Amino acid sequence: MGLELALSTLLSPIVLFFVLGLFAALMRSQMSVPQDFAKGLAIYLMMAIGLKGGVAMSKTPVTSEMIGVFIFATALSFALPFFAYLCLRKFSKLSRVDAAATAGHYGSISIVTFVAATQAVIFSGYTSAGYLVAVAAIMETPAIISALYLAQRGFKKEGKVVGSERGEVAREVLLNASVVVLVGALLIGLIVGEDGMKTVEPFFVTPFQGVLCLFLLDMGLSAGRGLRQGWRELDFGSLSFGIYMPVLAAVFTGIVCGYGMGLNVGDLTIMMVLGASASYIAVPAAMRLALPKAQPSIYLTLSLGVTFPFNLTVGIPLYIFIAQMIAG
Amino acid sequence: MGLELALSTLLSPIVLFFVLGLFAALMRSQMSVPQDFAKGLAIYLMMAIGLKGGVAMSKTPVTSEMIGVFIFATALSFALPFFAYLCLRKFSKLSRVDAAATAGHYGSISIVTFVAATQAVIFSGYTSAGYLVAVAAIMETPAIISALYLAQRGFKKEGKVVGSERGEVAREVLLNASVVVLVGALLIGLIVGEDGMKTVEPFFVTPFQGVLCLFLLDMGLSAGRGLRQGWRELDFGSLSFGIYMPVLAAVFTGIVCGYGMGLNVGDLTIMMVLGASASYIAVPAAMRLALPKAQPSIYLTLSLGVTFPFNLTVGIPLYIFIAQMIAG
Amino acid sequence: MGLELALSTLLSPIVLFFVLGLFAALMRSQMSVPQDFAKGLAIYLMMAIGLKGGVAMSKTPVTSEMIGVFIFATALSFALPFFAYLCLRKFSKLSRVDAAATAGHYGSISIVTFVAATQAVIFSGYTSAGYLVAVAAIMETPAIISALYLAQRGFKKEGKVVGSERGEVAREVLLNASVVVLVGALLIGLIVGEDGMKTVEPFFVTPFQGVLCLFLLDMGLSAGRGLRQGWRELDFGSLSFGIYMPVLAAVFTGIVCGYGMGLNVGDLTIMMVLGASASYIAVPAAMRLALPKAQPSIYLTLSLGVTFPFNLTVGIPLYIFIAQMIAG
Amino acid sequence: MDMHPKKRLELIIETPAQKRAERVLTDVGVTGYTVVPAMAGYGGHSRWRRGMDISSSRDMVVILSIMDEEKLIKAIEVLGSLLGDHIGVVSVSDVSVVRKDIF
Amino acid sequence: MDMHPKKRLELIIETPAQKRAERVLTDVGVTGYTVVPAMAGYGGHSRWRRGMDISSSRDMVVILSIMDEEKLIKAIEVLGSLLGDHIGVVSVSDVSVVRKDIF
Amino acid sequence: MDMHPKKRLELIIETPAQKRAERVLTDVGVTGYTVVPAMAGYGGHSRWRRGMDISSSRDMVVILSIMDEEKLIKAIEVLGSLLGDHIGVVSVSDVSVVRKDIF
Ligand SMILES: Nc1ncnc2c1ncn2[C@@H]1O[C@H](COP(=O)(O)O)[C@@H](O)[C@H]1O
Ligand SMILES: Nc1ncnc2c1ncn2[C@@H]1O[C@H](COP(=O)(O)O)[C@@H](O)[C@H]1O
Ligand SMILES: Nc1ncnc2c1ncn2[C@@H]1O[C@H](COP(=O)(O)O)[C@@H](O)[C@H]1O
Ligand code: NA
Ligand code: NA
Ligand code: NA
């Protein structure tokens, strides 16, 4: 057991297809997965994750552990951006607004990293609880509020942005596709339970890992292209942030949830991954609306080009290893 | 048995994902299923339906009951628009051309409603015959001819529309995607039979219900957005038409096919659903070409925003219940 | 056995859906498979083919037969364009540059024809080796170099095309989507082996044939539309080339690989199909960059409108029959 | 390089009528046109977005065609009556083109 | 058929700000506009392509609107300050339209 | 708000040559351009539709770029020779822009 096993997740088809995409993009191949097709797959993945989580939850009662995790996760999503902001302002040359926008990404989560971690946990012989899907959904958004606070603090409150509408950012944040589909599918899974799930299992469960391969090929292409374009705009301070930030967040989460709340190895790994992963779908869209002055080439390169590949390849095995140290 | 069982179809994953989409659209969520992806799924669904129908038909001889149903269905699709037109002119303020265009939609059918009804019928412990797929395909188009007749009656025959081409509407009507794919797949199912079907079953049969969930999520979004935009243009007379028209059509079909032709509960339900459902793909496209003066916001809102959700949630259980009364 | 069995592959769902698409396009139906969806399916197919080939290769050692086939295939892809060019210049009125561009297509391969042939081989009770996927990938590109040589020979070397970039054509050729995905998935299949494959089998293996039906429906539409538009620009000499060229290439390949290298019936059929099939994805894109003066309506109509349908319907059964004669 | 004055016709029209508009243009004898998909729009107090309407019957396209004045006059005449029935906007502007022979 | 002089506003703007721009136009009272998706672009020394950014937050759209001069002046005024925050390009040209009543 | 006269170049060109055209524009030093996908077209007596050709090698795009007259002259010169090899249409019109500094 231990590091070896954790590292062997690196040779799963999922990770290998990600690497293929990354490689193709860095070699400047013109290949691409059509965007509409990839977005369709993303919706499929979120429906499948939500359903499975909901069905799992329908079989277990609500425990105090669960409630503790929910509260901690919400607090974590609010708090991480403050820490990230401090690091970025101290150790990189990012402006205040760029640092705030980037920080917001690291309080939120990446659902694909979550899924890959769930697979790796199973592959390593552990299991993770169904309700963690709900935790992931909860962590999507609080970070956005912290980022807005950080960006506006100390400025004279500027006038309303022209053309903006009341509640626009809030709606974008609370009703974005991932939240709606994840929470909706979770509720549906809760309602229909194991019996209802049977009819849709051949679509949502059996082929799930295969679809993930196709999706990660596309993610590899996106990450590689983002990296090739954006890395020039980043100094060493911000590039290294993309690596040390997830590790610090994971370790902090691991200590609190492991020693403090007594989660088992599987659940602990997933919580660490949620802390460590950074958003590249929900938060960038919200930032373009709320903080148009922040530069997407900075926060997208860091989150999609640096942190996502790091987590997928090095991070997840590392977090499994740490979780084994703490709770194994 | 009875109403309860029928109502329990309401809690199937299919209906719940539709409701999720409807809810997201009404809450003005920005989420969407990419249109190209949804259209790809629609083609998949029609291929699967056609194949299954064809294979089922390949196992049974042609009966006189079958021929009777074909003839009745054709007549029904021709006749329903006349009845719908009368209702709309009497009880709503729609203009002649809007009433005619809307009426055309109610003579034709909705293939998704058909599929959902087939699932609900199986779920309730009944079966329906394979040849009903062919009946659905037949009912797609006669209603369009009736609508054109209704719209042009009494007007001075106007000159040819500029740029229009002989046979343009006919080709649009007879060779639209649903008719081509449904009838084509039905014939292929007939030719390859059960043996040929085996090779493609893991794609077209096993995951079918799951794909339907994803598709209905999209339909829910479409219906919700249609409703939110269009309902202001409709008076009470036309809005209520979207509810009473399908019920009347279903009851009429039920009486003729049940008492008159002696169909069993499953087949009877499907026929009632074909009578009750309204087109939102083939007919609107034909109407834009043939009756450009009719307003799509009227007929699409009624058919997609009112009648489709009504049939999917309240209608199908109700029709199963009535079919049980008549033939159970 | 023999011709009958070979011909019975004509009634497989795959071929029938292709014919349906062809028919719909020739009848001028407006139906279409959304392009983004079809491209997504194409990537799926290539991943599945590559994975299966790689897993198969992971189970067998490298033999001298294999190496012989690799060398022959490379040579064949280089050589076929020269032969094709000679035929076109002698028996058709195509200009030098059109003949060269067209010739390039026939040295390369069609991956869909390859897949359909693999299915037909299995259906006829034979098997084919996994490494033939690698052979297919190898044959994609050498033909492009021959075509460029043929087109430029005898011209004064023209100046650089404005806006072109060094290595642009080479990158397009070597890193196009089919090569990247095929070779990448093959390597991944080699690495993960049978065990790793199990997790993704329900997505990449079981539903494969069904997905192929959907894809071939789209190919039928493309081929039919290409044919309807392009055939007027072709004389008898070039139209007949679309039929006799694949047959001659197949027979030549069959003689060399059958009598000379002793391949079994399954492998021999696949090699003949690779010789006979013509590219319609990688090569046209390269030709538009490198030989913009050549007319796509000529080479696409021949490759997609004439040779592809011919191979899929008449060709594959014929090549199986010949392979049985030679090696049966 | 010398430039030649031409007219640029821009026709915003709903998808179901696209073919009719294309036929009008080829009947008039234009040497070419290009169709661009619209993804959203607003007019007459209602708003649409591609993908909102599952039948695509309310999607719009933008048709661009560059031609000389003479053909333009004919095209405008016929398009006017086509637009009598369909939703759409026609506008014309002055442009210069590089290669005069192909128009 | 007689033609009427109008202004054609062409606004190239990033997707997240699309709705704001649309609101500016309707607030000013234009009778319509049409949005066309851009698939790639270059500006300020950086290049983007649709599909490169999985969040679509850097995709651009082109908004066309035909209006009379009076509304144009108002629209330009407000768009200027909208563009202060967002990436985008505004340009205006002269066009003639067929049906004057609908603008 | 005062407006500044500029030139709007509209280049309709086939996808495989898109990159070359983009390079020409950046070499000339334009400050930006935007690419819009075309979905259908007609020219030289043949018709195409996106999706008809599975290799996409006949798809067209529309490239818009706003620049000053000086750069336009250079761009036109080079584009002329690029178009010698490829299918395409170049047209130029007069526009006014809001922010003169970014062009
Ligand atoms: N003034 C305008 N400028 C640009 N596009 C317009 C204009 N008016 C209408 N449109 C387009 O035409 C469609 C139908 O407009 P309407 O006929 O006013 O309902 C709209 O959705 C827009 O796409
Ligand atoms: N001169 C221009 N002409 C056309 N489009 C432009 C121009 N400048 C910028 N753009 C578009 O606006 C986007 C952002 O440009 P920028 O604000 O310069 O970074 C580019 O990616 C282009 O799509
Ligand atoms: N006069 C024109 N106006 C607008 N687009 C054109 C024109 N001529 C050609 N095109 C476009 O350029 C493509 C190739 O035209 P051609 O070079 O004439 O075959 C056509 O399919 C159209 O998309
Ligand atoms: Na995080
Ligand atoms: Na009906
Ligand atoms: Na070949």
# chains A, B, ... in the order shown; residues from 1 in each chain; ligands from 1

call {"tool": "residues_near_ligand", "arguments": {"ligand": "ligand 2", "cutoff": "6 Å", "atoms": "only C-alpha atoms and all ligand atoms", "output": "PDB file with C-alpha atoms, in the first residue's frame"}}
result
ATOM      1  CA  GLY E  41     -10.024  37.162 -32.927  1.00  0.00           C
ATOM      2  CA  TYR E  42      -6.925  39.148 -32.223  1.00  0.00           C
ATOM      3  CA  GLY E  43      -6.339  42.387 -30.409  1.00  0.00           C
ATOM      4  CA  GLY E  44      -3.969  44.005 -27.984  1.00  0.00           C
ATOM      5  CA  ARG E  47      -5.251  35.945 -29.813  1.00  0.00           C
ATOM      6  CA  TRP E  48      -8.276  33.855 -28.897  1.00  0.00           C
ATOM      7  CA  ILE E  87     -13.036  44.532 -24.195  1.00  0.00           C
ATOM      8  CA  GLY E  88     -14.715  45.635 -27.412  1.00  0.00           C
ATOM      9  CA  VAL E  89     -14.811  47.642 -30.610  1.00  0.00           C
TER      10      VAL E  89
ATOM     11  CA  THR F  31      -4.437  46.283 -33.908  1.00  0.00           C
ATOM     12  CA  GLY F  32      -7.107  43.606 -34.125  1.00  0.00           C
ATOM     13  CA  TYR F  33      -9.520  41.529 -36.126  1.00  0.00           C
ATOM     14  CA  THR F  34     -12.508  39.292 -35.489  1.00  0.00           C
ATOM     15  CA  LEU F  64     -13.467  41.797 -39.945  1.00  0.00           C
ATOM     16  CA  SER F  65     -10.751  44.264 -39.171  1.00  0.00           C
ATOM     17  CA  ILE F  66     -10.898  47.964 -38.521  1.00  0.00           C
ATOM     18  CA  MET F  67      -7.758  49.952 -39.265  1.00  0.00           C
ATOM     19  CA  PHE F 103      -6.594  51.301 -33.777  1.00  0.00           C
TER      20      PHE F 103
END

call {"tool": "residues_near_ligand", "arguments": {"ligand": "ligand 5", "cutoff": "9 Å", "atoms": "only C-alpha atoms and all ligand atoms", "output": "list in words"}}
result
Leu76, Ser77, Leu80, Pro81, Gly104, His105, Tyr106, Gly107, Ser108, Ile109, Ser110, Met139, Glu140, Ala143, Pro246, Ala249, Ala250, Met272, Val273, Leu274, Gly275, Ala276, Ser277, Ala278 and Ser279 of chain B

call {"tool": "closest_atom_pairs", "arguments": {"of": "chain C", "to": "chain F", "cutoff": "10 Å", "atoms": "only C-alpha atoms", "output": "Markdown table"}}
result
| residue | atom | partner | partner_atom | distance |
| --- | --- | --- | --- | --- |
| C:Ser32 | CA | F:Gly51 | CA | 8.5 |
| C:Val33 | CA | F:Gly51 | CA | 8.7 |
| C:Pro34 | CA | F:Gly51 | CA | 7.7 |
| C:Gln35 | CA | F:Gly51 | CA | 5.6 |
| C:Asp36 | CA | F:Gly51 | CA | 9.0 |
| C:Ala38 | CA | F:Ile54 | CA | 9.2 |
| C:Lys39 | CA | F:Ile54 | CA | 8.7 |
| C:Val161 | CA | F:Leu82 | CA | 6.9 |
| C:Val162 | CA | F:Leu82 | CA | 5.2 |
| C:Gly163 | CA | F:Arg20 | CA | 4.0 |
| C:Ser164 | CA | F:Arg20 | CA | 5.4 |
| C:Glu165 | CA | F:Arg20 | CA | 7.9 |
| C:Glu168 | CA | F:Lys19 | CA | 9.9 |
| C:Asp218 | CA | F:Ile54 | CA | 9.4 |
| C:Met219 | CA | F:Ile54 | CA | 8.2 |
| C:Leu221 | CA | F:Met52 | CA | 8.2 |
| C:Ser222 | CA | F:Met52 | CA | 5.6 |
| C:Ala223 | CA | F:Met52 | CA | 8.5 |
| C:Gly224 | CA | F:Met52 | CA | 9.5 |
| C:Arg225 | CA | F:Met52 | CA | 6.7 |
| C:Gly226 | CA | F:Met52 | CA | 7.0 |
| C:Gln229 | CA | F:Ser46 | CA | 8.2 |
| C:Gly230 | CA | F:Ser46 | CA | 9.2 |
| C:Ser279 | CA | F:Ser55 | CA | 9.7 |
| C:Tyr280 | CA | F:Ser55 | CA | 6.4 |
| C:Ile281 | CA | F:Ser55 | CA | 4.4 |
| C:Ala282 | CA | F:Ser55 | CA | 7.2 |
| C:Val283 | CA | F:Ser55 | CA | 8.6 |
| C:Pro284 | CA | F:Ser57 | CA | 6.4 |
| C:Ala285 | CA | F:Ser57 | CA | 5.2 |
| C:Ala286 | CA | F:Pro16 | CA | 8.5 |
| C:Met287 | CA | F:Ser57 | CA | 8.8 |
| C:Arg288 | CA | F:Pro16 | CA | 6.1 |
| C:Leu289 | CA | F:Pro16 | CA | 5.9 |
| C:Ala290 | CA | F:Pro16 | CA | 9.6 |
| C:Leu291 | CA | F:Asp85 | CA | 8.5 |
| C:Pro292 | CA | F:His86 | CA | 5.8 |
| C:Lys293 | CA | F:Asp85 | CA | 6.1 |
| C:Ala294 | CA | F:Asp85 | CA | 9.7 |
| C:Pro296 | CA | F:Arg58 | CA | 7.5 |
| C:Ser297 | CA | F:Arg58 | CA | 9.1 |
| C:Leu300 | CA | F:Asp53 | CA | 7.9 |
| C:Thr301 | CA | F:Asp53 | CA | 9.6 |
| C:Leu304 | CA | F:Ile54 | CA | 8.9 |

call {"tool": "interface_residues", "arguments": {"of": "chain A", "to": "chain B", "cutoff": "7 Å", "atoms": "only C-alpha atoms", "output": "list in words"}}
result
Asp36, Phe37, Lys39, Gly40, Arg171, Glu172, Leu175, Asn176, Ala177, Gly184, Ile188, Val192, Gly196, Thr199, Val200, Pro202, Phe203 and Phe204 of chain A

call {"tool": "closest_residue", "arguments": {"among": "D:Glu70, D:Val97, D:Ile12, D:Asp59", "to": "ligand 3", "atoms": "only C-alpha atoms and all ligand atoms"}}
result
D:Val97

call {"tool": "atom_distance", "arguments": {"atom1": "CA of Met66 (chain C)", "atom2": "CA of Thr253 (chain C)"}}
result
15.2 Å

call {"tool": "atom_distance", "arguments": {"atom1": "CA of Thr307 (chain A)", "atom2": "CA of Thr102 (chain A)"}}
result
11.8 Å

call {"tool": "atom_distance", "arguments": {"atom1": "CA of Phe252 (chain A)", "atom2": "CA of Gln295 (chain A)"}}
result
28.6 Å

call {"tool": "interface_residues", "arguments": {"of": "chain F", "to": "chain D", "cutoff": "6 Å", "atoms": "only C-alpha atoms", "output": "mmCIF file with N, CA and C atoms, in the first residue's frame"}}
result
data_model
loop_
_atom_site.group_PDB
_atom_site.id
_atom_site.type_symbol
_atom_site.label_atom_id
_atom_site.label_comp_id
_atom_site.auth_asym_id
_atom_site.auth_seq_id
_atom_site.Cartn_x
_atom_site.Cartn_y
_atom_site.Cartn_z
ATOM 1 N N ALA F 38 -18.819 31.466 -41.391
ATOM 2 C CA ALA F 38 -19.924 31.479 -42.348
ATOM 3 C C ALA F 38 -20.563 30.110 -42.336
ATOM 4 N N MET F 39 -21.842 30.037 -42.647
ATOM 5 C CA MET F 39 -22.494 28.733 -42.605
ATOM 6 C C MET F 39 -22.915 28.248 -43.978
ATOM 7 N N ALA F 40 -22.850 29.105 -44.963
ATOM 8 C CA ALA F 40 -23.234 28.710 -46.309
ATOM 9 C C ALA F 40 -22.768 29.789 -47.251
ATOM 10 N N GLY F 41 -22.769 29.492 -48.521
ATOM 11 C CA GLY F 41 -22.378 30.507 -49.474
ATOM 12 C C GLY F 41 -22.560 30.025 -50.892
ATOM 13 N N TYR F 42 -22.354 30.993 -51.812
ATOM 14 C CA TYR F 42 -22.529 30.699 -53.225
ATOM 15 C C TYR F 42 -21.547 31.565 -53.966
ATOM 16 N N GLY F 43 -20.982 31.036 -54.982
ATOM 17 C CA GLY F 43 -20.057 31.835 -55.778
ATOM 18 C C GLY F 43 -19.553 30.992 -56.918
ATOM 19 N N VAL F 90 -12.583 40.302 -50.867
ATOM 20 C CA VAL F 90 -12.163 41.396 -49.992
ATOM 21 C C VAL F 90 -13.017 42.611 -50.281
ATOM 22 N N SER F 91 -13.557 43.232 -49.252
ATOM 23 C CA SER F 91 -14.219 44.510 -49.491
ATOM 24 C C SER F 91 -13.901 45.474 -48.363
ATOM 25 N N VAL F 92 -13.978 46.750 -48.688
ATOM 26 C CA VAL F 92 -13.567 47.791 -47.750
ATOM 27 C C VAL F 92 -14.671 48.819 -47.660
ATOM 28 N N SER F 93 -14.992 49.272 -46.461
ATOM 29 C CA SER F 93 -15.960 50.366 -46.361
ATOM 30 C C SER F 93 -15.485 51.391 -45.342
#

call {"tool": "select_by_dssp", "arguments": {"residues": "region 4-102 of chain D", "states": "helix (DSSP H, G or I)", "output": "ChimeraX atom specification"}}
result
/D:15-28,69-85,100-102

call {"tool": "closest_residue", "arguments": {"among": "D:Leu9, D:Arg49, D:Ile76, D:Glu69", "to": "ligand 1", "atoms": "only C-alpha atoms and all ligand atoms"}}
result
D:Arg49
